[in-house]
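Some notes on the structure that comes next.
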Amino acid sequence: MKKLVAEVENLKAYYKVKGRILKAVDGVSLGLRDGEVLGIAGESGCGKSTLAMSLSGLFLPPLKYYGGKIKLKDIEISKMDRKLLRKNVLGKKISFIPQSAMNALNPTLKIRNFVIDVLKEHEPELSEEEIIDRVEERFDSLSLSKRVINSYPFELSGGMKQRVITVISTLMNPEILLADEPTSALDVSSQHQIIKLIKTLLERRIVKSVVFITHELPLLRHIADRIAIMYAGQIVERGTTSQIIFSPLHPYTKMLMSSIITPEKGMKGKELPVVSGSPPNLYEIVAGCRFAERCPYVTEECKINEIKFHKIGDREVRCLHPLTERNGINAAK
Amino acid sequence: MELLRSLIKSRKFLIGTSIFLALLLTSLIFPLVNSSDPLEMVGLLYEPPSAEHVLGTDNFGRDVLIEFIYGMKTSIFVGLVAGLIATLIGTTIGVIAGYVGRLTDNILNSTTNLFLVIPSFVILILLSSSLKSRSLLFLAIIIGITSWPWTARAVRAQTSSLRTREHINMAKLNGMNNFEIMLSEILPYVSSYIFMAFVLQVASGILSEAGLSMLGLGPSDVVSLGTMLSWALLYEAVRTGAWWAFFPPTIGISLITFSLLYMNTGMDEIFNPRLRGE
Amino acid sequence: MKRGVIFLSIVGILVLAAFAFAIGEFPRSETLYVNGLQWGPPTNWNPLAGNPSWPISAGSGRELIYETQFMYNMINGKLEPLIGEKYQWVDNLTLVVNLRKGVHWQDGEPLTSEDVVYTLELGKKYSTGWSNLWLYMKDVFTVGKYEYVVKLKPENPNRLVVTDMLVNVYVLPKHIWEKIEKDNNYDIKKIREFVNKNPIGSGPYKLYSYSPEKIALVRYDDYWGKSVFGKLPVPKYIVHPIFKSNDDGNLAFEKGNIDMSQQFVPQIWKMWEKGLPIATWYDHPPYYVPAMIPSLWFNLHKHPLDIPQVRKAIAYSINYAKIAQLAMTKYSPTAKSSLILPFGGEKKYFNEEAVKEYGWEYNPKKAEELLKSIGAKKGRDGIYVLKDGTRLGPFKVECPYGWTDWMVSLQIVAQSAKKIGIDIQTYYPDTPVWANDRMTGNFDMIMDTPAPNALPSQPWSRFYAAMYSKDVPPIGQLAFRNWGRYKNARADEIMEKIPTVTDENTLKSLYTELDKIYMRDVPIIGLEYRPALFYEYNTTHWTNFPNEKNPYAPPQICTDGAGIRALYEIKPKK
Amino acid sequence: MSPYFKYILGKLKWYVLIFFAALFLNFFLPRLIPGNPISALVAQMAGGGASSDVLNKLYNSYIHEFGLDHPWYVQFIDYVVKVFHGDLGTSFSLYPTKVNTILAQALPWTIALQVPSILLGWILGNILGALAAYKKGKFDGTLFPITLFVSSIPYFCFAIILLYLFGVILNILPIGGGYSMALTPTFSIVFLTDALKHYLLPFLSLLLVIIGGQAIGMREMSIYELNTDYVRYAKLLGVSDKKIIRYVFKNAMLPQITGLSISLGTMVGGALITEIVFSYPGIGTWLFNAIRQQDYPLIQGGTLVITISVLLANFLIDIVYGIVDPRIRASQLEE
């Protein structure tokens, strides 16, 4: 087994809005190994994007850190000074690809100037020419047109923008790349290009590991090594890609897998729920299983206590009645 | 319903609305309780506040407090009517320009911009000097027809962003004509913007009335906050130190405008969640 | 370095130059500041132009640059000699005027009867302010250097208007204006455009400088009057700042920056109650000397205002005392139902008994009785309806926006009428609209002053402006007097007769008869008495202004008519 | 042709169009006012007792002199031709003064009052708004309602209150006019300080209201920009706050620039009332008096000068905008 590059322990990150607390990430633990792609899947509002943000260690208000650890090798970044974090970690060790490339770049700034701003922040000794040289080289090596560097963001197509952002995010060869739905707003061929690009970056060891977040579970099949399923602020199931895709244990995973997914273009933040019913109110979390409301196999027992992880072989699942691996029939019955 | 609930939750909206309603209700209920004629000349020129006349008398020897309350009613009335007219015209032009697009949009948008660039207050002054009848309604209408461009602009922007939406295409495929689409597929989606624009138009209508009246172009035989100011200025209340003649209308106009703007800000934050700073 | 030195020295020079410019243009102890006589920026000093600026403007600075032949004294109604020494009606059609010898123009040329005759004839040649004289004058000719004769038309011998000429027509220098006429090709349009920046008159002052903010005059030290009056006017400069609002002017006056003001200052007594050195002619109500009668005019051709009883009912409904108190802030005695002033020069014609018997006063009860007497009934809304179903109102009553005392007067009229059941609403348009409505007869009721002048021809001019029907076109066309289009043959006859009568007893009975017709028909209602000119002074910088207790000159604002004598007597304070 | 030039040309076409529309409105609107300017003029010069005949003659000769006896289209063409020769005609009410002379005297006062107050108000308002958006919390919480209230007070009400406070109660500043009556406009220290004293109140009343209005707009725009994805992304890439604020400020400013150009008309309108309240010797006071007197040439001239200045200012802003916002040039390329 490869060594861990990052470890997350019982991470709690909540939104605090007008005195009320929304528990978007509620005790998540993860391990990320060298060279792997960890997929995180879940429907919108389950907290996966918040998790991606939190993993960077930068809690932007109204998001607040409430507990747990994020360890990057030996550095504990969850409690790091924000200035130091931004200077020494972000972009350099952990980098981020945001969800909507459309608006992720300052519309009035040329790519060139943005790149200069980013690199100067981390390596002030570089001259502008050196930076541009390095960037051009990188663009070349990833077979992206160098011309792009001198463009304004609005002069680029959506797919191109997303690729440019991916390249910018990895300019400083970060160990971890957090990709938050990098493909959700794109057409199929652009999606493929992005996935190819991420794979290339991994192969060349420009990035060491990737956390790939998406609401389209099937997409992970082509890229992820392991997958964690998230529901209502928690990880509900963890396993290898084939395990999750082909023999889900949690009823929710099963539903995610079997539902038809139709992402609507241009309607960011308003994706239709992929499974029937809606996730619980994260302001007031009920006792017991958070999926109970929507679970076809729910029993009275489910609603009493918080569900802990159960080990089934080498797999873990938060369910009292996990599905059997063979045919998806509830094991307890 | 949910919208209403979220509106009530906005402190800004709530404060703005309550101030506005309080002022409006005072001006509506007071005449029912107190039947004094606001035009009655009960004293002499600029008598200072006393037990009998709490806010003193004005240049006509009238009770300033009673005038103030009636004036508020007039001003709010003019504001509402002018706002309604401006919103109607602005919405019609904005929706048509934004939805139909092309040449129609070009023409309508150019007209809108023309009226935005020419100082509308000058036009307003000229138009109202040409009025033979200085009735309240006429005044409100004139203010309305000179202030629609702002609404037209906002509505047009919203409409053109809607134009390519799925549901509009579906409506087209289902054989709806343009008019029906504008009415049933576009208006509901821009209604919150229209309402916000309406609130702003009411505020600006009240200001325009006050400005016009202050220049002596206001309604005759009716007290409005603007005419009160105009008299105060004309009859040298500032020089003679009769603060009670110009202070109440100033506060009145500012409070009404403030309440409407505050209401608008509250709504803005709800309809554009990004502004909430979350 | 070098550049810096140059720069500094330039700045230094500029600063020095600036100080040199600013220091004492008008030394305070030699400058009299007046205001309220000019409202817009000055445009011209051309008496032929129609709208000349102060001090050439009508009736506010008559003896400063150009002079009239005689000076009118509004207190006793007398004509005092100036350029003219004496005048005499030798018969009903012949006026002989003798001029003073030794009068000379400011360029040194002598002033003779040639100049006067030339000036009067200009009015025949062109449309000028005094062209109307030629309706009554047949001829004017000189008799030697210092005498001239006016012959009246036997068919229209109006002696009153011709006498007015002696105090309100400026005498112009022939040798200068002949040239101006010629230079402009005798085209009146071009002559009117002549600004006359450097007017050469016969008076004690010359135009010194002007700008949109002020007009300044400087004393002409070779004034012919120096030898006659034994001295020159005291102020070396007279400056008239032009304020854009009453507020500014009144504040400047209050602060002592203005010495003499002709502005309407509401409740002026409050200023001296505050301890300011301010006074008016009287130190008690009405504070000013009343001279005109701002009135309410009816459209006599609009039903139901064509019914005299309706007009009279309105006359009874109006609270005249309130108008005097509130609108005029006590500057007016309570108005009586007569077109003759019960004060000053015309008091002798005022017939108290006739007014008592035929006139009206504030009496709402009587007003309603009058309406009931013609069969009017009160409608449910409290407004009377005539037998023919005509509702009494809404009538519009009109005066210009910004004429503050008038606006209040009309508010009182409206409120008074409302109380007895007549619906009157106020309307305050801009002045041109009001002026036009007035002339075309496009009004229900309108406020205006008939013959707003203090002239020897009063009260005849007032009756004439209000009631004379000849040459007055019907409603819809432009009239220039008699806005209501009143018509009464006997009244016309009396008005034609009065200017030819010299016997005081006959005059008195004619005026009484005319006034009775007025009170019977109520074509207009006098609302208040107003001074021709407001006259208030501040003694911070100048003292010894004339007033009731020291009446060495009439309250004609120190610069007009006989009032100019004050300029010789006021004293600088330090 | 460079796209930028094309953009400017496109704008220019549009301004020429507006100019002609304004020319038309300027001519016709004053003529809608009932009554006519000559009756007032004649009435003013006619003492009581003058005969109808004489006044009638006077009246007709004036109507002819002012060209009011021609049909409207002749008058209009005459007016347009004269405008293009730089001649705005002769004032009625201040006959025989040229409108050009009057406006030339008034314009410097108006420019001196409006340009600095609008520009400074705009700049200060934007800084204040950006600050409120950035600092949030109590700063914003107290500042926002105050600013909103200040901007709710109409220009003229503000002017009256300032007048009362400083001119009457404290008695330290003059209550009207452009300079003291004892002075003549010269380039002198005494005159300049005096003019400055008269300047202060109208300037302040304009400035404060404009600051209020602009700050509110900027605050909103900045909050919006602060919450955009690009800010988040830049932060996640470790870009410092200093740089991010620069992005936000610039981007929030851009709509404020268009905002300035659009609200310029309103601001100028507001400033005109301020001039009237303070009897400031600028265009507003003149224009208003002209309207009162139905002085067509002066009304036309005044409104024309105002329209041209607003158009010019807008055009300048458009040029600047085209330079600072790359998106404008791009959108021009697409067409």
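Residue numbering restarts at 1 for every chain of the structure tokens, chains are lettered A, B, ... in their displayed order, and ligands are numbered from 1 as they appear.
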Test item: residues at most 6 Å from range 231-244 of chain C, only C-alpha atoms, excluding those fewer than 4 positions along its chain, as a ChimeraX atom specification: /C:30-35,39,213-219,226,249,567-568 /D:181,279
Contacts from chain C to chain D, 6 Å maximum, only C-alpha atoms: show me the residue list as a ChimeraX atom specification. /C:18,43,50-51,127,132,193,241,244,430,432-433,435-436,451,461,465,480
Using only all heavy atoms, please write the residues we just selected to a file, as a compact mmCIF listing (two decimals), in the first residue's frame.
# COMPACT_ATOMS: atom_id res chain seq x y z
N ALA C 18 -3.44 91.18 -7.01
CA ALA C 18 -4.75 90.81 -6.52
C ALA C 18 -5.18 91.74 -5.39
O ALA C 18 -6.30 92.23 -5.37
CB ALA C 18 -4.71 89.37 -6.02
N THR C 43 -29.79 95.28 -18.46
CA THR C 43 -29.71 94.99 -19.89
C THR C 43 -29.37 96.23 -20.68
O THR C 43 -28.54 96.19 -21.58
CB THR C 43 -31.04 94.44 -20.40
OG1 THR C 43 -32.07 95.35 -20.00
CG2 THR C 43 -31.32 93.07 -19.83
N GLY C 50 -37.91 100.16 -23.86
CA GLY C 50 -39.07 99.48 -23.30
C GLY C 50 -38.83 98.91 -21.92
O GLY C 50 -39.65 99.03 -21.04
N ASN C 51 -37.67 98.29 -21.72
CA ASN C 51 -37.41 97.70 -20.40
C ASN C 51 -36.05 98.12 -19.85
O ASN C 51 -35.22 97.28 -19.54
CB ASN C 51 -37.49 96.18 -20.49
CG ASN C 51 -36.45 95.61 -21.43
OD1 ASN C 51 -35.96 96.32 -22.30
ND2 ASN C 51 -36.09 94.36 -21.25
N SER C 127 -43.02 103.85 -31.28
CA SER C 127 -43.78 103.32 -30.14
C SER C 127 -42.89 103.36 -28.92
O SER C 127 -41.94 102.59 -28.80
CB SER C 127 -44.19 101.87 -30.40
OG SER C 127 -45.20 101.82 -31.33
N ASN C 132 -48.61 107.31 -25.82
CA ASN C 132 -50.04 107.53 -25.60
C ASN C 132 -50.39 109.00 -25.44
O ASN C 132 -51.52 109.40 -25.62
CB ASN C 132 -50.52 106.72 -24.39
CG ASN C 132 -49.82 107.15 -23.13
OD1 ASN C 132 -48.63 107.48 -23.15
ND2 ASN C 132 -50.54 107.17 -22.03
N GLU C 193 -32.22 98.24 -29.66
CA GLU C 193 -31.11 97.36 -29.28
C GLU C 193 -29.91 98.14 -28.75
O GLU C 193 -28.95 97.56 -28.25
CB GLU C 193 -30.69 96.50 -30.48
CG GLU C 193 -31.64 95.35 -30.72
CD GLU C 193 -31.30 94.55 -31.96
OE1 GLU C 193 -30.16 94.67 -32.45
OE2 GLU C 193 -32.19 93.83 -32.44
N PRO C 241 -27.09 96.37 -5.54
CA PRO C 241 -26.81 94.95 -5.76
C PRO C 241 -28.07 94.27 -6.26
O PRO C 241 -29.17 94.65 -5.88
CB PRO C 241 -26.43 94.42 -4.38
CG PRO C 241 -26.30 95.62 -3.51
CD PRO C 241 -27.13 96.70 -4.11
N LYS C 244 -30.94 87.57 -6.09
CA LYS C 244 -31.76 86.63 -6.85
C LYS C 244 -32.98 86.19 -6.06
O LYS C 244 -33.85 85.54 -6.58
CB LYS C 244 -30.92 85.46 -7.31
CG LYS C 244 -30.00 85.93 -8.41
CD LYS C 244 -29.19 84.86 -9.05
CE LYS C 244 -28.32 85.48 -10.12
NZ LYS C 244 -27.33 86.43 -9.59
N ASP C 430 -46.75 81.13 -13.62
CA ASP C 430 -45.65 82.07 -13.78
C ASP C 430 -46.17 83.40 -14.32
O ASP C 430 -47.22 83.45 -14.95
CB ASP C 430 -44.60 81.50 -14.73
CG ASP C 430 -43.84 80.38 -14.07
OD1 ASP C 430 -43.79 80.37 -12.84
OD2 ASP C 430 -43.31 79.51 -14.79
N PRO C 432 -45.59 85.43 -16.88
CA PRO C 432 -46.08 85.63 -18.25
C PRO C 432 -47.45 84.99 -18.48
O PRO C 432 -48.25 85.54 -19.23
CB PRO C 432 -45.02 84.94 -19.12
CG PRO C 432 -43.84 84.80 -18.26
CD PRO C 432 -44.33 84.71 -16.85
N VAL C 433 -47.69 83.86 -17.86
CA VAL C 433 -48.97 83.19 -18.05
C VAL C 433 -50.07 84.06 -17.46
O VAL C 433 -51.11 84.30 -18.09
CB VAL C 433 -48.96 81.81 -17.36
CG1 VAL C 433 -50.31 81.15 -17.48
CG2 VAL C 433 -47.88 80.93 -17.97
N ALA C 435 -49.92 87.26 -16.97
CA ALA C 435 -50.05 88.48 -17.76
C ALA C 435 -50.89 88.22 -19.01
O ALA C 435 -51.74 89.02 -19.38
CB ALA C 435 -48.68 89.01 -18.14
N ASN C 436 -50.65 87.08 -19.60
CA ASN C 436 -51.37 86.76 -20.82
C ASN C 436 -52.83 86.45 -20.55
O ASN C 436 -53.72 86.89 -21.28
CB ASN C 436 -50.68 85.58 -21.51
CG ASN C 436 -51.09 85.46 -22.95
OD1 ASN C 436 -50.97 86.42 -23.70
ND2 ASN C 436 -51.62 84.31 -23.32
N ALA C 451 -53.77 100.57 -12.58
CA ALA C 451 -52.89 101.75 -12.62
C ALA C 451 -51.94 101.82 -11.42
O ALA C 451 -52.12 102.61 -10.51
CB ALA C 451 -53.72 103.02 -12.69
N SER C 461 -56.77 107.59 -13.20
CA SER C 461 -56.08 106.49 -13.90
C SER C 461 -56.59 105.14 -13.43
O SER C 461 -56.69 104.19 -14.20
CB SER C 461 -54.58 106.53 -13.63
OG SER C 461 -54.06 107.79 -13.79
N ALA C 465 -58.26 102.44 -15.80
CA ALA C 465 -57.69 101.11 -16.03
C ALA C 465 -58.72 100.02 -15.71
O ALA C 465 -58.71 98.95 -16.32
CB ALA C 465 -56.45 100.92 -15.16
N PHE C 480 -55.38 95.81 -23.02
CA PHE C 480 -54.25 96.31 -22.25
C PHE C 480 -54.69 97.02 -20.97
O PHE C 480 -53.90 97.59 -20.27
CB PHE C 480 -53.36 97.18 -23.13
CG PHE C 480 -52.69 96.36 -24.20
CD1 PHE C 480 -53.31 96.13 -25.42
CD2 PHE C 480 -51.46 95.76 -23.96
CE1 PHE C 480 -52.71 95.33 -26.38
CE2 PHE C 480 -50.86 94.96 -24.93
CZ PHE C 480 -51.48 94.76 -26.14
Report the closest atom pair, with its distance in Å rounded to one decimal, for each residue of chain D that has an atom no farther than 9 Å from chain A; count only C-alpha atoms, sort by chain and then rising residue number, and write it as CSV.
residue,atom,partner,partner_atom,distance
D:Thr228,CA,A:Asn103,CA,7.2
D:Asp229,CA,A:Ala104,CA,4.8
D:Tyr230,CA,A:Ala104,CA,3.9
D:Val231,CA,A:Ala104,CA,7.5
D:Arg232,CA,A:Ala104,CA,7.7
D:Tyr233,CA,A:Ala104,CA,5.9
D:Ala234,CA,A:Val118,CA,7.8
D:Lys235,CA,A:Arg86,CA,7.4
D:Leu236,CA,A:Leu90,CA,6.1
D:Leu237,CA,A:Gly91,CA,4.5
D:Gly238,CA,A:Arg86,CA,4.2
D:Val239,CA,A:Val118,CA,5.7
D:Ser240,CA,A:Glu121,CA,7.1
D:Lys243,CA,A:Asp117,CA,7.8
D:Tyr247,CA,A:Asn106,CA,7.3
D:Val248,CA,A:Asn106,CA,8.8
D:Lys250,CA,A:Thr108,CA,8.4
D:Asn251,CA,A:Thr108,CA,7.1
D:Val324,CA,A:Thr108,CA,8.5
D:Asp325,CA,A:Thr108,CA,6.5
D:Pro326,CA,A:Thr108,CA,6.3
D:Arg327,CA,A:Thr108,CA,7.3
D:Ala330,CA,A:Glu155,CA,7.8
Residues within 9 Å of Asn246 in chain C, please, as a VMD selection string. Count only C-alpha atoms; anything in the same chain fewer than 2 positions from it doesn't count. (chain B and resid 234 to 236) or (chain C and resid 36 243 to 244 248 to 251 263 to 265)
Selected residues written out, all heavy atoms, as an mmCIF file, in the first residue's frame:
data_model
loop_
_atom_site.group_PDB
_atom_site.id
_atom_site.type_symbol
_atom_site.label_atom_id
_atom_site.label_comp_id
_atom_site.auth_asym_id
_atom_site.auth_seq_id
_atom_site.Cartn_x
_atom_site.Cartn_y
_atom_site.Cartn_z
ATOM 1 N N LEU B 234 -40.095 80.623 -0.109
ATOM 2 C CA LEU B 234 -40.618 81.849 -0.700
ATOM 3 C C LEU B 234 -40.872 82.903 0.378
ATOM 4 O O LEU B 234 -40.634 84.085 0.180
ATOM 5 C CB LEU B 234 -41.923 81.511 -1.417
ATOM 6 C CG LEU B 234 -42.431 82.496 -2.449
ATOM 7 C CD1 LEU B 234 -41.394 82.710 -3.515
ATOM 8 C CD2 LEU B 234 -43.705 81.957 -3.072
ATOM 9 N N TYR B 235 -41.383 82.460 1.524
ATOM 10 C CA TYR B 235 -41.728 83.397 2.577
ATOM 11 C C TYR B 235 -40.602 83.533 3.606
ATOM 12 O O TYR B 235 -40.835 83.866 4.750
ATOM 13 C CB TYR B 235 -43.059 82.998 3.229
ATOM 14 C CG TYR B 235 -44.248 83.209 2.322
ATOM 15 C CD1 TYR B 235 -44.596 82.254 1.373
ATOM 16 C CD2 TYR B 235 -44.993 84.375 2.373
ATOM 17 C CE1 TYR B 235 -45.670 82.458 0.515
ATOM 18 C CE2 TYR B 235 -46.070 84.586 1.524
ATOM 19 C CZ TYR B 235 -46.405 83.624 0.597
ATOM 20 O OH TYR B 235 -47.459 83.835 -0.241
ATOM 21 N N GLU B 236 -39.403 83.212 3.167
ATOM 22 C CA GLU B 236 -38.199 83.518 3.941
ATOM 23 C C GLU B 236 -38.161 82.899 5.328
ATOM 24 O O GLU B 236 -37.718 83.513 6.290
ATOM 25 C CB GLU B 236 -38.033 85.034 4.058
ATOM 26 C CG GLU B 236 -38.079 85.714 2.701
ATOM 27 C CD GLU B 236 -37.949 87.226 2.807
ATOM 28 O OE1 GLU B 236 -36.990 87.664 3.443
ATOM 29 O OE2 GLU B 236 -38.782 87.937 2.243
ATOM 30 N N GLY C 36 -33.894 96.334 -4.283
ATOM 31 C CA GLY C 36 -35.315 96.110 -4.491
ATOM 32 C C GLY C 36 -35.885 96.873 -5.671
ATOM 33 O O GLY C 36 -37.089 96.934 -5.853
ATOM 34 N N PHE C 243 -30.104 91.041 -6.151
ATOM 35 C CA PHE C 243 -30.234 89.755 -5.464
ATOM 36 C C PHE C 243 -31.162 88.854 -6.256
ATOM 37 O O PHE C 243 -32.045 89.324 -6.958
ATOM 38 C CB PHE C 243 -30.771 89.975 -4.061
ATOM 39 C CG PHE C 243 -29.819 90.722 -3.182
ATOM 40 C CD1 PHE C 243 -30.004 92.066 -2.923
ATOM 41 C CD2 PHE C 243 -28.714 90.085 -2.642
ATOM 42 C CE1 PHE C 243 -29.114 92.763 -2.124
ATOM 43 C CE2 PHE C 243 -27.813 90.780 -1.845
ATOM 44 C CZ PHE C 243 -28.018 92.123 -1.588
ATOM 45 N N LYS C 244 -30.940 87.566 -6.086
ATOM 46 C CA LYS C 244 -31.761 86.634 -6.846
ATOM 47 C C LYS C 244 -32.976 86.194 -6.059
ATOM 48 O O LYS C 244 -33.849 85.544 -6.576
ATOM 49 C CB LYS C 244 -30.925 85.457 -7.315
ATOM 50 C CG LYS C 244 -30.003 85.932 -8.406
ATOM 51 C CD LYS C 244 -29.192 84.856 -9.050
ATOM 52 C CE LYS C 244 -28.325 85.475 -10.123
ATOM 53 N NZ LYS C 244 -27.331 86.430 -9.592
ATOM 54 N N ASP C 248 -32.082 86.863 0.224
ATOM 55 C CA ASP C 248 -30.733 87.422 0.178
ATOM 56 C C ASP C 248 -30.772 88.921 0.423
ATOM 57 O O ASP C 248 -29.987 89.460 1.203
ATOM 58 C CB ASP C 248 -30.100 87.183 -1.206
ATOM 59 C CG ASP C 248 -29.998 85.713 -1.528
ATOM 60 O OD1 ASP C 248 -30.171 84.919 -0.585
ATOM 61 O OD2 ASP C 248 -29.759 85.386 -2.694
ATOM 62 N N GLY C 249 -31.691 89.576 -0.276
ATOM 63 C CA GLY C 249 -31.768 91.026 -0.174
ATOM 64 C C GLY C 249 -32.140 91.461 1.229
ATOM 65 O O GLY C 249 -31.537 92.371 1.796
ATOM 66 N N ASN C 250 -33.125 90.769 1.805
ATOM 67 C CA ASN C 250 -33.570 91.156 3.134
ATOM 68 C C ASN C 250 -32.508 90.893 4.192
ATOM 69 O O ASN C 250 -32.360 91.647 5.149
ATOM 70 C CB ASN C 250 -34.869 90.428 3.489
ATOM 71 C CG ASN C 250 -36.045 91.013 2.728
ATOM 72 O OD1 ASN C 250 -35.951 92.099 2.176
ATOM 73 N ND2 ASN C 250 -37.140 90.281 2.675
ATOM 74 N N LEU C 251 -31.771 89.808 4.005
ATOM 75 C CA LEU C 251 -30.707 89.508 4.965
ATOM 76 C C LEU C 251 -29.611 90.564 4.888
ATOM 77 O O LEU C 251 -29.116 91.042 5.907
ATOM 78 C CB LEU C 251 -30.132 88.122 4.703
ATOM 79 C CG LEU C 251 -29.217 87.639 5.818
ATOM 80 C CD1 LEU C 251 -30.036 87.269 7.049
ATOM 81 C CD2 LEU C 251 -28.386 86.444 5.382
ATOM 82 N N GLN C 263 -37.656 96.394 -0.780
ATOM 83 C CA GLN C 263 -38.196 95.027 -0.804
ATOM 84 C C GLN C 263 -39.322 94.885 0.212
ATOM 85 O O GLN C 263 -39.352 95.570 1.217
ATOM 86 C CB GLN C 263 -37.090 94.037 -0.459
ATOM 87 C CG GLN C 263 -36.182 93.764 -1.621
ATOM 88 C CD GLN C 263 -35.300 92.556 -1.400
ATOM 89 O OE1 GLN C 263 -34.442 92.308 -2.201
ATOM 90 N NE2 GLN C 263 -35.503 91.815 -0.329
ATOM 91 N N PHE C 264 -40.194 93.926 -0.069
ATOM 92 C CA PHE C 264 -41.243 93.588 0.875
ATOM 93 C C PHE C 264 -40.607 92.746 1.980
ATOM 94 O O PHE C 264 -40.097 91.659 1.720
ATOM 95 C CB PHE C 264 -42.332 92.788 0.150
ATOM 96 C CG PHE C 264 -43.446 92.323 1.035
ATOM 97 C CD1 PHE C 264 -44.366 93.226 1.543
ATOM 98 C CD2 PHE C 264 -43.590 90.982 1.350
ATOM 99 C CE1 PHE C 264 -45.412 92.791 2.343
ATOM 100 C CE2 PHE C 264 -44.637 90.547 2.161
ATOM 101 C CZ PHE C 264 -45.546 91.456 2.654
ATOM 102 N N VAL C 265 -40.594 93.286 3.187
ATOM 103 C CA VAL C 265 -40.038 92.540 4.326
ATOM 104 C C VAL C 265 -41.207 92.227 5.249
ATOM 105 O O VAL C 265 -41.713 93.129 5.908
ATOM 106 C CB VAL C 265 -39.002 93.375 5.101
ATOM 107 C CG1 VAL C 265 -38.376 92.535 6.203
ATOM 108 C CG2 VAL C 265 -37.951 93.920 4.171
#
Hey, could you make a per-residue contact list for chain B against chain C with 12 Å as the cut-off, showing the nearest pair of atoms and its distance in Å to one decimal, counting only C-alpha atoms, sorted by chain and number, as CSV?
residue,atom,partner,partner_atom,distance
B:Asp37,CA,C:Gln415,CA,10.0
B:Pro38,CA,C:Gln415,CA,10.9
B:Leu39,CA,C:Gln415,CA,7.6
B:Glu40,CA,C:Gln415,CA,7.0
B:Met41,CA,C:Ile412,CA,7.8
B:Val42,CA,C:Leu326,CA,10.5
B:Gly43,CA,C:Leu326,CA,8.4
B:Leu44,CA,C:Leu326,CA,5.7
B:Leu45,CA,C:Leu326,CA,6.3
B:Tyr46,CA,C:Gln267,CA,10.0
B:Glu47,CA,C:Leu326,CA,11.4
B:Thr57,CA,C:Leu326,CA,11.7
B:Asp58,CA,C:Leu326,CA,10.9
B:Asn59,CA,C:Val408,CA,8.1
B:Phe60,CA,C:Val408,CA,6.1
B:Gly61,CA,C:Leu326,CA,7.3
B:Arg62,CA,C:Gln411,CA,10.8
B:Leu126,CA,C:Asp430,CA,11.9
B:Ser128,CA,C:Pro429,CA,10.5
B:Ser129,CA,C:Asp430,CA,7.9
B:Ser130,CA,C:Val433,CA,9.6
B:Leu131,CA,C:Pro429,CA,9.3
B:Lys132,CA,C:Pro429,CA,8.5
B:Ser133,CA,C:Tyr427,CA,8.7
B:Arg134,CA,C:Tyr427,CA,7.9
B:Ser135,CA,C:Tyr427,CA,10.3
B:Ser213,CA,C:Tyr401,CA,11.3
B:Met214,CA,C:Gly402,CA,11.3
B:Leu215,CA,C:Tyr401,CA,9.5
B:Gly216,CA,C:Tyr401,CA,6.7
B:Leu217,CA,C:Pro429,CA,7.9
B:Gly218,CA,C:Tyr428,CA,9.6
B:Pro219,CA,C:Tyr427,CA,9.0
B:Ser220,CA,C:Tyr427,CA,6.0
B:Asp221,CA,C:Thr426,CA,6.1
B:Val222,CA,C:Thr426,CA,9.9
B:Thr227,CA,C:Tyr401,CA,11.9
B:Ser230,CA,C:Gly402,CA,9.7
B:Trp231,CA,C:Thr404,CA,8.8
B:Ala232,CA,C:Asp247,CA,10.9
B:Leu233,CA,C:Asp247,CA,8.3
B:Leu234,CA,C:Gly402,CA,6.7
B:Tyr235,CA,C:Thr404,CA,6.9
B:Glu236,CA,C:Asp247,CA,5.6
B:Ala237,CA,C:Asp247,CA,8.8
B:Val238,CA,C:Asp247,CA,8.0
B:Arg239,CA,C:Asp247,CA,6.3
B:Thr240,CA,C:Asp247,CA,8.9
B:Gly241,CA,C:Asp247,CA,11.5
